[in-house]
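> Here you go, coords-v6.txt (compact mmCIF, C-alpha atoms):
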# COMPACT_ATOMS: atom_id res chain seq x y z
CA MET A 1 235.58 -187.54 -26.64
CA ALA A 2 234.53 -190.93 -25.29
CA PRO A 3 235.60 -191.41 -21.69
CA SER A 4 235.70 -195.09 -20.86
CA GLN A 5 234.73 -194.68 -17.22
CA LYS A 6 233.21 -191.53 -15.81
CA THR A 7 233.88 -190.93 -12.13
CA ALA A 8 231.07 -189.02 -10.53
CA LYS A 9 231.88 -185.29 -10.35
CA VAL A 10 232.77 -184.66 -6.72
CA CYS A 11 232.53 -181.11 -5.44
CA ARG A 12 235.37 -180.42 -3.05
CA ASN A 13 234.24 -176.93 -2.09
CA PRO A 14 230.46 -176.77 -1.82
CA ASP A 15 228.84 -173.33 -2.02
CA LEU A 16 227.44 -171.83 1.15
CA ILE A 17 225.96 -169.01 -0.89
CA CYS A 18 226.71 -168.08 -4.50
CA GLY A 19 230.27 -166.76 -4.38
CA VAL A 20 231.20 -168.09 -0.93
CA GLY A 21 232.69 -171.54 -0.57
CA LYS A 22 232.77 -173.64 2.55
CA PHE A 23 236.53 -173.93 2.71
CA SER A 24 239.22 -171.25 2.75
CA ARG A 25 242.09 -170.99 0.31
CA SER A 26 244.52 -172.75 2.62
CA LYS A 27 242.07 -175.56 3.31
CA MET A 28 241.46 -176.00 -0.44
CA TYR A 29 245.21 -176.08 -1.05
CA HIS A 30 245.39 -178.99 1.32
CA LYS A 31 242.28 -180.72 -0.04
CA ARG A 32 243.47 -180.58 -3.64
CA GLY A 33 246.66 -182.27 -2.63
CA LEU A 34 248.91 -179.56 -4.10
CA TRP A 35 251.34 -180.23 -1.24
CA ALA A 36 251.65 -183.84 -2.41
CA ILE A 37 252.27 -182.76 -6.00
CA LYS A 38 254.96 -180.38 -4.80
CA ALA A 39 256.55 -183.03 -2.64
CA LYS A 40 256.66 -185.47 -5.51
CA ASN A 41 258.42 -182.90 -7.63
CA GLY A 42 261.03 -181.78 -5.09
CA GLY A 43 259.37 -178.75 -3.52
CA VAL A 44 258.44 -177.04 -6.77
CA PHE A 45 255.38 -177.22 -8.97
CA PRO A 46 256.02 -179.33 -12.07
CA ARG A 47 256.70 -177.16 -15.08
CA HIS A 48 255.65 -178.10 -18.52
CA ASP A 49 257.72 -176.10 -20.93
CA LYS A 50 256.54 -175.65 -24.42
CA LYS A 51 258.11 -178.04 -26.85
CA PRO A 52 260.20 -176.19 -29.46
CA ALA A 53 257.73 -175.63 -32.22
CA GLU A 54 258.53 -177.50 -35.44
CA PRO A 55 258.85 -175.13 -38.36
CA ALA A 56 255.55 -175.16 -40.27
CA ALA A 57 255.81 -176.71 -43.74
CA ALA A 58 256.67 -173.96 -46.22
CA GLU A 59 253.41 -172.96 -47.92
CA LYS A 60 253.54 -172.14 -51.60
CA PRO A 61 251.94 -168.80 -52.40
CA PRO A 62 248.55 -169.42 -54.11
CA LYS A 63 248.35 -169.21 -57.92
CA PHE A 64 245.17 -167.21 -57.87
CA TYR A 65 243.81 -164.47 -55.64
CA PRO A 66 240.08 -163.83 -56.13
CA ALA A 67 239.23 -160.17 -56.82
CA ASP A 68 236.42 -159.87 -54.27
CA ASP A 69 236.30 -161.46 -50.88
CA VAL A 70 234.93 -164.98 -51.06
CA LYS A 71 232.46 -165.85 -48.30
CA LYS A 72 233.12 -169.05 -46.43
CA PRO A 73 229.97 -171.10 -45.83
CA LEU A 74 229.13 -171.70 -42.19
CA PRO A 75 230.41 -175.02 -40.87
CA ASN A 76 227.74 -177.71 -40.71
CA LYS A 77 228.40 -180.35 -38.05
CA ARG A 78 224.94 -181.97 -38.27
CA LYS A 79 224.92 -185.74 -38.11
CA PRO A 80 221.67 -187.36 -39.25
CA LYS A 81 220.22 -189.73 -36.67
CA PRO A 82 219.77 -193.42 -37.53
CA THR A 83 216.20 -194.06 -38.71
CA LYS A 84 214.01 -195.27 -35.88
CA LEU A 85 212.25 -198.53 -36.67
CA ARG A 86 208.57 -198.63 -35.79
CA ALA A 87 207.89 -200.87 -32.81
CA SER A 88 205.38 -202.88 -34.83
CA ILE A 89 208.06 -203.94 -37.34
CA THR A 90 210.14 -206.91 -36.11
CA PRO A 91 212.02 -209.52 -38.15
CA GLY A 92 209.43 -211.82 -39.67
CA THR A 93 206.61 -209.28 -39.80
CA VAL A 94 204.41 -209.34 -42.88
CA LEU A 95 204.45 -205.88 -44.44
CA ILE A 96 202.12 -204.42 -47.06
CA ILE A 97 203.99 -202.34 -49.64
CA LEU A 98 202.06 -199.22 -50.61
CA ALA A 99 203.90 -197.76 -53.58
CA GLY A 100 206.09 -198.72 -56.46
CA ARG A 101 205.76 -201.64 -58.83
CA PHE A 102 205.01 -204.00 -55.97
CA LYS A 103 202.23 -201.95 -54.43
CA GLY A 104 199.73 -204.01 -52.50
CA LYS A 105 202.09 -206.96 -52.19
CA ARG A 106 202.38 -208.64 -48.84
CA VAL A 107 205.99 -209.24 -48.07
CA VAL A 108 208.21 -210.59 -45.26
CA PHE A 109 210.50 -208.20 -43.38
CA LEU A 110 214.05 -209.46 -42.77
CA LYS A 111 216.09 -206.69 -41.20
CA GLN A 112 216.80 -202.99 -41.17
CA LEU A 113 219.89 -201.94 -43.11
CA THR A 114 222.36 -199.32 -41.92
CA SER A 115 220.91 -196.78 -44.33
CA GLY A 116 217.58 -197.09 -42.51
CA LEU A 117 215.81 -198.91 -45.33
CA LEU A 118 214.08 -202.21 -44.67
CA LEU A 119 215.36 -205.41 -46.28
CA VAL A 120 212.42 -207.37 -47.51
CA THR A 121 211.72 -210.49 -49.56
CA GLY A 122 208.53 -211.88 -51.18
CA PRO A 123 209.60 -214.74 -50.96
CA PHE A 124 210.28 -214.60 -54.68
CA LYS A 125 208.63 -217.94 -55.46
CA ILE A 126 205.43 -216.91 -53.75
CA ASN A 127 204.77 -213.41 -54.97
CA GLY A 128 207.61 -212.30 -57.23
CA VAL A 129 209.16 -209.80 -54.85
CA PRO A 130 212.94 -210.37 -54.70
CA LEU A 131 215.36 -209.35 -51.96
CA ARG A 132 214.64 -205.66 -52.00
CA ARG A 133 215.00 -202.49 -50.00
CA VAL A 134 211.91 -200.56 -49.03
CA ASN A 135 211.36 -197.37 -47.06
CA GLN A 136 209.52 -197.63 -43.78
CA SER A 137 207.15 -194.83 -44.75
CA TYR A 138 205.77 -196.75 -47.72
CA VAL A 139 204.81 -199.78 -45.73
CA ILE A 140 201.97 -200.90 -43.47
CA ALA A 141 203.07 -203.34 -40.79
CA SER A 142 200.50 -206.07 -40.20
CA SER A 143 200.44 -207.96 -36.95
CA THR A 144 201.08 -211.29 -38.70
CA LYS A 145 204.56 -212.65 -38.00
CA VAL A 146 206.51 -215.40 -39.77
CA VAL A 147 209.04 -217.45 -37.82
CA ILE A 148 212.40 -216.32 -39.13
CA SER A 149 214.89 -218.20 -36.94
CA GLY A 150 217.86 -219.75 -38.65
CA LEU A 151 217.87 -217.22 -41.47
CA ASP A 152 221.27 -215.76 -42.28
CA VAL A 153 220.97 -212.32 -43.84
CA GLU A 154 224.21 -210.92 -42.42
CA LYS A 155 226.00 -210.64 -45.72
CA ILE A 156 223.30 -208.56 -47.39
CA ASP A 157 223.67 -204.85 -46.81
CA ASP A 158 223.41 -201.57 -48.73
CA ARG A 159 226.48 -202.26 -50.85
CA TYR A 160 224.78 -205.41 -52.19
CA PHE A 161 222.23 -203.14 -53.85
CA ALA A 162 224.63 -200.54 -55.22
CA LYS A 163 224.56 -199.93 -58.97
CA GLN A 164 227.42 -201.54 -60.92
CA ALA A 165 229.91 -198.84 -61.93
CA GLU A 166 229.35 -197.72 -65.55
CA LYS A 167 232.25 -198.57 -67.78
CA LYS A 168 233.68 -195.50 -69.50
CA LYS A 169 232.29 -195.61 -73.02
CA ARG A 170 231.59 -191.98 -73.62
CA LYS A 171 233.83 -191.71 -76.65
CA GLY A 172 232.13 -193.78 -79.41
CA GLU A 173 228.69 -192.21 -79.88
CA GLY A 174 227.49 -194.05 -82.96
CA GLU A 175 227.58 -197.59 -81.60
CA PHE A 176 226.71 -196.37 -78.14
CA PHE A 177 223.04 -197.41 -78.01
CA GLU A 178 223.26 -200.95 -79.35
CA ALA A 179 226.23 -202.11 -77.28
CA ASP A 180 224.77 -200.98 -73.95
CA LYS A 181 221.33 -202.58 -74.33
CA GLN A 182 222.67 -206.10 -74.52
CA GLU A 183 224.62 -205.90 -71.26
CA LYS A 184 222.20 -204.30 -68.83
CA ASN A 185 219.47 -206.82 -68.15
CA VAL A 186 221.35 -209.86 -66.83
CA LEU A 187 221.01 -210.55 -63.11
CA PRO A 188 224.19 -212.17 -61.77
CA GLN A 189 223.81 -215.83 -60.80
CA GLU A 190 225.15 -214.99 -57.32
CA LYS A 191 222.11 -212.87 -56.55
CA LYS A 192 219.78 -215.58 -57.75
CA ASP A 193 221.49 -218.07 -55.42
CA ASP A 194 221.26 -215.66 -52.49
CA GLN A 195 217.55 -215.29 -53.16
CA ARG A 196 217.10 -219.05 -53.22
CA THR A 197 218.92 -219.70 -49.97
CA VAL A 198 217.08 -216.95 -48.11
CA ASP A 199 213.73 -218.09 -49.44
CA ALA A 200 214.23 -221.81 -48.79
CA ALA A 201 214.14 -221.44 -45.01
CA LEU A 202 211.34 -218.88 -45.17
CA ILE A 203 209.08 -220.95 -47.37
CA LYS A 204 209.28 -223.86 -44.93
CA SER A 205 208.07 -221.73 -42.03
CA ILE A 206 205.40 -220.14 -44.23
CA GLU A 207 203.98 -223.49 -45.30
CA ALA A 208 203.68 -224.45 -41.67
CA VAL A 209 200.86 -221.92 -41.24
CA PRO A 210 197.66 -222.76 -43.16
CA ASP A 211 196.63 -220.22 -45.82
CA LEU A 212 199.69 -218.03 -45.22
CA LYS A 213 201.14 -218.90 -48.61
CA THR A 214 198.02 -217.84 -50.53
CA TYR A 215 197.84 -214.78 -48.27
CA LEU A 216 201.32 -213.68 -49.30
CA ALA A 217 200.56 -214.43 -52.94
CA ALA A 218 197.50 -212.17 -52.95
CA ARG A 219 197.67 -208.40 -53.20
CA PHE A 220 196.05 -206.11 -50.68
CA SER A 221 193.40 -203.67 -51.86
CA LEU A 222 190.74 -201.54 -50.27
CA LYS A 223 187.26 -202.85 -50.96
CA ALA A 224 183.89 -201.18 -50.53
CA GLY A 225 183.15 -200.36 -46.92
CA MET A 226 186.74 -200.67 -45.70
CA LYS A 227 187.76 -197.63 -43.74
CA PRO A 228 191.57 -197.58 -43.36
CA HIS A 229 191.44 -195.56 -40.16
CA GLU A 230 189.20 -198.17 -38.57
CA LEU A 231 190.99 -201.26 -39.87
CA LEU A 232 193.29 -203.23 -37.66
CA PHE A 233 196.27 -204.59 -39.54
CA PRO B 234 152.67 -198.34 -27.59
CA PHE B 235 155.71 -198.32 -25.27
CA LYS B 236 157.20 -201.54 -24.00
CA ARG B 237 160.49 -200.50 -22.38
CA TYR B 238 160.06 -198.04 -19.53
CA VAL B 239 162.57 -196.07 -17.54
CA GLU B 240 162.32 -197.60 -14.09
CA ILE B 241 164.68 -198.39 -11.28
CA GLY B 242 166.43 -201.57 -12.29
CA ARG B 243 166.15 -201.06 -16.05
CA VAL B 244 169.32 -202.15 -17.81
CA ALA B 245 170.43 -199.73 -20.52
CA LEU B 246 173.21 -199.48 -23.06
CA VAL B 247 175.27 -196.30 -23.18
CA ASN B 248 175.27 -195.05 -26.77
CA TYR B 249 177.34 -191.87 -26.57
CA GLY B 250 180.35 -190.55 -24.74
CA LYS B 251 183.22 -191.95 -22.78
CA GLU B 252 181.28 -195.01 -21.58
CA TYR B 253 180.10 -195.95 -25.07
CA GLY B 254 178.98 -199.56 -25.33
CA ARG B 255 178.71 -200.25 -21.62
CA LEU B 256 175.71 -201.92 -19.99
CA VAL B 257 174.45 -199.90 -17.01
CA VAL B 258 171.55 -200.10 -14.60
CA ILE B 259 169.27 -197.15 -13.85
CA VAL B 260 169.31 -196.85 -10.06
CA ASP B 261 167.51 -193.52 -9.65
CA VAL B 262 165.87 -190.79 -11.64
CA ILE B 263 167.22 -187.29 -11.03
CA ASP B 264 164.85 -185.18 -13.04
CA GLN B 265 163.05 -185.17 -16.34
CA ASN B 266 166.24 -185.63 -18.32
CA ARG B 267 168.77 -187.39 -16.17
CA ALA B 268 169.17 -190.65 -14.37
CA LEU B 269 171.59 -191.96 -11.82
CA VAL B 270 173.28 -194.89 -13.39
CA ASP B 271 175.54 -197.64 -12.03
CA ALA B 272 177.43 -200.72 -13.17
CA PRO B 273 179.59 -203.25 -11.30
CA ASP B 274 182.89 -201.89 -12.63
CA MET B 275 182.07 -198.21 -12.74
CA VAL B 276 181.69 -195.28 -10.39
CA ARG B 277 178.03 -194.40 -10.01
CA CYS B 278 177.27 -191.32 -12.12
CA GLN B 279 174.49 -189.34 -13.71
CA MET B 280 173.64 -189.62 -17.37
CA ASN B 281 171.18 -187.93 -19.66
CA PHE B 282 168.51 -190.25 -20.98
CA LYS B 283 169.56 -189.28 -24.46
CA ARG B 284 172.79 -191.16 -23.87
CA LEU B 285 170.99 -194.36 -22.92
CA SER B 286 169.29 -196.98 -25.04
CA LEU B 287 166.89 -199.03 -22.93
CA THR B 288 167.03 -202.80 -23.17
CA ASP B 289 164.46 -205.44 -22.32
CA ILE B 290 166.28 -206.53 -19.20
CA THR B 291 165.33 -205.34 -15.71
CA ILE B 292 166.66 -206.34 -12.33
CA ASP B 293 165.01 -206.25 -8.95
CA ILE B 294 166.57 -203.51 -6.81
CA LYS B 295 165.46 -200.78 -4.47
CA ARG B 296 166.29 -197.12 -5.17
CA VAL B 297 170.11 -196.56 -5.17
CA PRO B 298 171.37 -199.88 -3.81
CA LYS B 299 174.86 -200.42 -2.45
CA LYS B 300 177.38 -201.78 -4.91
CA LYS B 301 177.32 -205.25 -3.32
CA THR B 302 173.52 -205.44 -3.49
CA LEU B 303 173.62 -204.27 -7.08
CA ILE B 304 176.11 -206.93 -8.07
CA ALA B 305 174.12 -209.61 -6.25
CA ALA B 306 170.92 -208.53 -7.98
CA MET B 307 172.66 -208.61 -11.37
CA GLU B 308 173.85 -212.14 -10.70
CA ALA B 309 170.38 -213.19 -9.61
CA ALA B 310 168.78 -211.84 -12.77
CA ASP B 311 171.67 -213.26 -14.86
CA VAL B 312 172.00 -210.05 -16.84
CA LYS B 313 175.24 -211.05 -18.56
CA ASN B 314 173.91 -214.25 -20.08
CA LYS B 315 170.53 -212.78 -20.95
CA TRP B 316 172.32 -209.96 -22.77
CA GLU B 317 174.76 -212.19 -24.62
CA ASN B 318 171.96 -214.46 -25.79
CA SER B 319 169.64 -211.70 -26.91
CA SER B 320 169.78 -210.86 -30.60
CA TRP B 321 170.89 -207.27 -29.84
CA GLY B 322 173.72 -208.51 -27.64
CA ARG B 323 174.82 -211.10 -30.18
CA LYS B 324 174.91 -208.47 -32.92
CA LEU B 325 177.20 -206.28 -30.83
CA ILE B 326 179.52 -209.19 -30.14
CA VAL B 327 179.78 -209.94 -33.85
CA GLN B 328 180.45 -206.28 -34.63
CA LYS B 329 183.25 -206.20 -32.08
CA ARG B 330 184.76 -209.39 -33.46
CA ARG B 331 184.67 -208.04 -37.00
CA ALA B 332 186.32 -204.80 -35.95
CA SER B 333 189.16 -206.65 -34.25
CA LEU B 334 190.06 -208.72 -37.30
CA ASN B 335 193.64 -208.76 -38.50
CA ASP B 336 194.49 -208.37 -42.22
CA PHE B 337 195.31 -212.11 -42.29
CA ASP B 338 192.01 -212.86 -40.54
CA ARG B 339 190.12 -210.88 -43.14
CA PHE B 340 191.85 -212.88 -45.85
CA LYS B 341 190.92 -216.19 -44.20
CA LEU B 342 187.36 -214.90 -43.80
CA MET B 343 187.19 -214.16 -47.52
CA LEU B 344 188.39 -217.68 -48.35
CA ALA B 345 185.80 -219.16 -45.99
CA LYS B 346 183.00 -217.11 -47.53
CA ILE B 347 183.98 -218.20 -51.01
CA LYS B 348 184.09 -221.83 -49.91
CA ARG B 349 180.68 -221.59 -48.24
CA GLY B 350 179.20 -219.92 -51.31
CA GLY B 351 180.56 -222.71 -53.46
CA LEU B 352 179.01 -225.40 -51.30
CA ILE B 353 175.67 -223.61 -51.30
CA ARG B 354 175.73 -223.33 -55.06
CA GLN B 355 176.52 -227.03 -55.38
CA GLU B 356 173.52 -227.96 -53.24
CA LEU B 357 171.31 -225.56 -55.15
CA ALA B 358 172.42 -227.07 -58.46
CA LYS B 359 171.59 -230.53 -57.11
CA LEU B 360 168.14 -229.42 -56.02
CA LYS B 361 167.52 -227.73 -59.36
CA LYS B 362 168.46 -230.91 -61.16
CA GLN B 363 166.02 -232.91 -59.00
CA ASN B 364 163.29 -230.39 -59.68
CA ALA B 365 163.90 -230.36 -63.40
CA ALA B 366 163.86 -234.18 -63.47
CA CYS B 367 160.34 -234.45 -62.06
Starting from the file, lay out its structure as structure tokens.

Amino acid sequence: MAPSQKTAKVCRNPDLICGVGKFSRSKMYHKRGLWAIKAKNGGVFPRHDKKPAEPAAAEKPPKFYPADDVKKPLPNKRKPKPTKLRASITPGTVLIILAGRFKGKRVVFLKQLTSGLLLVTGPFKINGVPLRRVNQSYVIASSTKVVISGLDVEKIDDRYFAKQAEKKKRKGEGEFFEADKQEKNVLPQEKKDDQRTVDAALIKSIEAVPDLKTYLAARFSLKAGMKPHELLF
Amino acid sequence: PFKRYVEIGRVALVNYGKEYGRLVVIVDVIDQNRALVDAPDMVRCQMNFKRLSLTDITIDIKRVPKKKTLIAAMEAADVKNKWENSSWGRKLIVQKRRASLNDFDRFKLMLAKIKRGGLIRQELAKLKKQNAAC
């Protein structure tokens, strides 16, 4: 139910006390304009007769009746809320990845995808991190920002990262292992080109800031004396 | 044996509590343990001496001056500059700066330290060579 314009709820008969309205029945009849409705309809209230019900489609009797009563699970109407992005993470923020094969890498944030994951890129030339999705919880947002204007990441979304559908090869088990290994590891040229275009603009803005390139190339680690709860990122 | 005394006009540093790190002036002594303490941007309040670290700076005021007189006396004695130029004051400023460093700042700091170390080692090598020559 999405009303386009909500008129403010007007109360025609305010309560004097709970159960006692200000206006009498005849006054309310007049206020509600029932006389006008009657007049429009020739002295009678408009009647809405039920439409003749269409005969329900003939249901086939079920093939199978379970012996005991089957319990129906309770209906679940829960809709998960879209993941809230931390205020410190804006497009162009340098993030520190905390887990996975790229742990410790400093990486540039591009945008939040509809699934809630963050789209991130190394850039690949600088630190080997490709266009990748990362969860907000496994990331520290630093306060360093990279200028990201003029970067078009519209066409990259969750479907870009979906696994390619496995071809049905379940039948031949003997040659199964050898045939599969040769096909898996190739990255399509399209993805390599996407990476290059996204990174080209980024690398220009990164080289504009002194030392930022070496900063992104280096990994983050805790050294002696560093207390994470006292560090400012 | 003692050089810094609790007196009216002694500037002290608060070392515990809500006002941690603030410079205050002792404007009156309440009893054996507490002093009345004041600063230009603070409501005058009492503090235990255990919360205060005395500094070398004193200003010339009478017992419990009005805020305006206090501020004027602090300007006259130039407390701010004296503090910021003292070694204790400078140390605190450096500590604060280090604590406020960004991750990127820490990286740049590391690069600068490495560079400085390299230069020092170059000079040392030169001097060693000169020494070995003669």
> Taking into account all atoms listed in the file, which residue in the set B:Met275, B:Ile326, B:Leu334, B:Ile292 is nearest to Ile241 of chain B?
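Closest to Ile241 of chain B, using all atoms listed in the file: B:Ile292.
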> For chain A against chain B, with a cut-off of 10 Å and counting only C-alpha atoms, what is the closest atom pair and its distance in Å to one decimal for every residue that makes the cut, ordered by chain and number, as a Markdown table?

| residue | atom | partner | partner_atom | distance |
| --- | --- | --- | --- | --- |
| A:Val94 | CA | B:Phe337 | CA | 9.5 |
| A:Ile96 | CA | B:Asp336 | CA | 9.9 |
| A:Ser142 | CA | B:Asp336 | CA | 6.7 |
| A:Ser143 | CA | B:Asn335 | CA | 7.0 |
| A:Thr144 | CA | B:Phe337 | CA | 6.8 |
| A:Pro210 | CA | B:Lys341 | CA | 9.5 |
| A:Asp211 | CA | B:Lys341 | CA | 7.2 |
| A:Leu212 | CA | B:Phe337 | CA | 7.9 |
| A:Thr214 | CA | B:Phe340 | CA | 9.2 |
| A:Tyr215 | CA | B:Phe340 | CA | 6.7 |
| A:Leu216 | CA | B:Phe337 | CA | 9.4 |
| A:Ala218 | CA | B:Phe340 | CA | 9.1 |
| A:Phe220 | CA | B:Asp336 | CA | 8.9 |
| A:Glu230 | CA | B:Ala332 | CA | 7.7 |
| A:Leu231 | CA | B:Ala332 | CA | 7.1 |
| A:Leu232 | CA | B:Asn335 | CA | 5.6 |
| A:Phe233 | CA | B:Asp336 | CA | 5.0 |
> Ile126 of chain A: which residues within 8 Å, counting all atoms listed in the file, same-chain residues fewer than 3 positions away excluded, as a PyMOL selection string?
chain A and resi 122-123+213+216-217
> Identify, on the basis of only C-alpha atoms, every residue whose closest approach to segment 279-290 of chain B does not exceed 6 Å; exclude the query and any residue fewer than 4 positions from it along the same chain; express the result as a PDB file with C-alpha atoms, keeping the file's coordinate frame.

ATOM      1  CA  VAL B 244     169.320-202.150 -17.810  1.00  0.00           C
ATOM      2  CA  ALA B 245     170.430-199.730 -20.520  1.00  0.00           C
ATOM      3  CA  LEU B 246     173.210-199.480 -23.060  1.00  0.00           C
ATOM      4  CA  VAL B 247     175.270-196.300 -23.180  1.00  0.00           C
ATOM      5  CA  ASN B 248     175.270-195.050 -26.770  1.00  0.00           C
ATOM      6  CA  TYR B 249     177.340-191.870 -26.570  1.00  0.00           C
ATOM      7  CA  ASN B 266     166.240-185.630 -18.320  1.00  0.00           C
ATOM      8  CA  ARG B 267     168.770-187.390 -16.170  1.00  0.00           C
ATOM      9  CA  ALA B 268     169.170-190.650 -14.370  1.00  0.00           C
ATOM     10  CA  LEU B 269     171.590-191.960 -11.820  1.00  0.00           C
ATOM     11  CA  VAL B 270     173.280-194.890 -13.390  1.00  0.00           C
TER      12      VAL B 270
END
> Using all atoms listed in the file, which protein or nucleic acid residues come within 10 Å of Val44 of chain A? Drop anything in the same chain fewer than 6 positions from it, and give the result as an MDAnalysis selection string.
chainID A and resid 35 37:38
> Could you state the separation of atom CA of Gly128 of chain A and atom CA of Leu342 of chain B in Å, given to one decimal place?
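The value is 24.4 Å.
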> Using all atoms listed in the file, determine which residues lie at most 10 Å from Asp194 of chain A, disregarding the query and same-chain residues fewer than 3 positions distant; provide the list as a list in words.
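Contacts, with the query itself left out: Leu131, Val153, Lys155, Ile156, Gln189, Glu190, Lys191, Thr197, Val198 and Asp199 of chain A.
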> List the spatial neighbours of segment 113-117 of chain A as a compact mmCIF listing (two decimals) with C-alpha atoms, in the frame of the given file - criterion: any atom at most 9 Å away, all atoms listed in the file, same-chain residues fewer than 4 positions off excluded.

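Produced file selection00.txt, reproduced below:
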# COMPACT_ATOMS: atom_id res chain seq x y z
CA PRO A 82 219.77 -193.42 -37.53
CA THR A 83 216.20 -194.06 -38.71
CA LYS A 84 214.01 -195.27 -35.88
CA LEU A 85 212.25 -198.53 -36.67
CA ARG A 133 215.00 -202.49 -50.00
CA VAL A 134 211.91 -200.56 -49.03
CA ASN A 135 211.36 -197.37 -47.06
CA GLN A 136 209.52 -197.63 -43.78
CA ILE A 156 223.30 -208.56 -47.39
CA ASP A 157 223.67 -204.85 -46.81
CA ASP A 158 223.41 -201.57 -48.73
> Tell me, in Å to one decimal, how far atom CA of Lys227 of chain A is from atom CA of Arg323 of chain B.
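Computed distance, atom CA of Lys227 of chain A to atom CA of Arg323 of chain B, equals 23.1 Å.
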> For Ala305 of chain B, which residue out of B:Pro273, B:Gly351, B:Gly322, B:Gly250 is the nearest one, using only C-alpha atoms?
B:Pro273
> Report as JSON the centre and the edge lengths, in Å to one decimal, of the axis-aligned box holding every listed atom of segment 23-40 of chain A, padded by 6 Å on each side.

{"center_x": 246.6, "center_y": -178.2, "center_z": -1.3, "size_x": 32.1, "size_y": 26.5, "size_z": 21.3}
> Please indicate the distance in Å from atom CA of Ile294 of chain B to atom CA of Ala306 of chain B, rounded to one decimal place.
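Atom-to-atom, atom CA of Ile294 of chain B and atom CA of Ala306 of chain B are spaced 6.7 Å apart.
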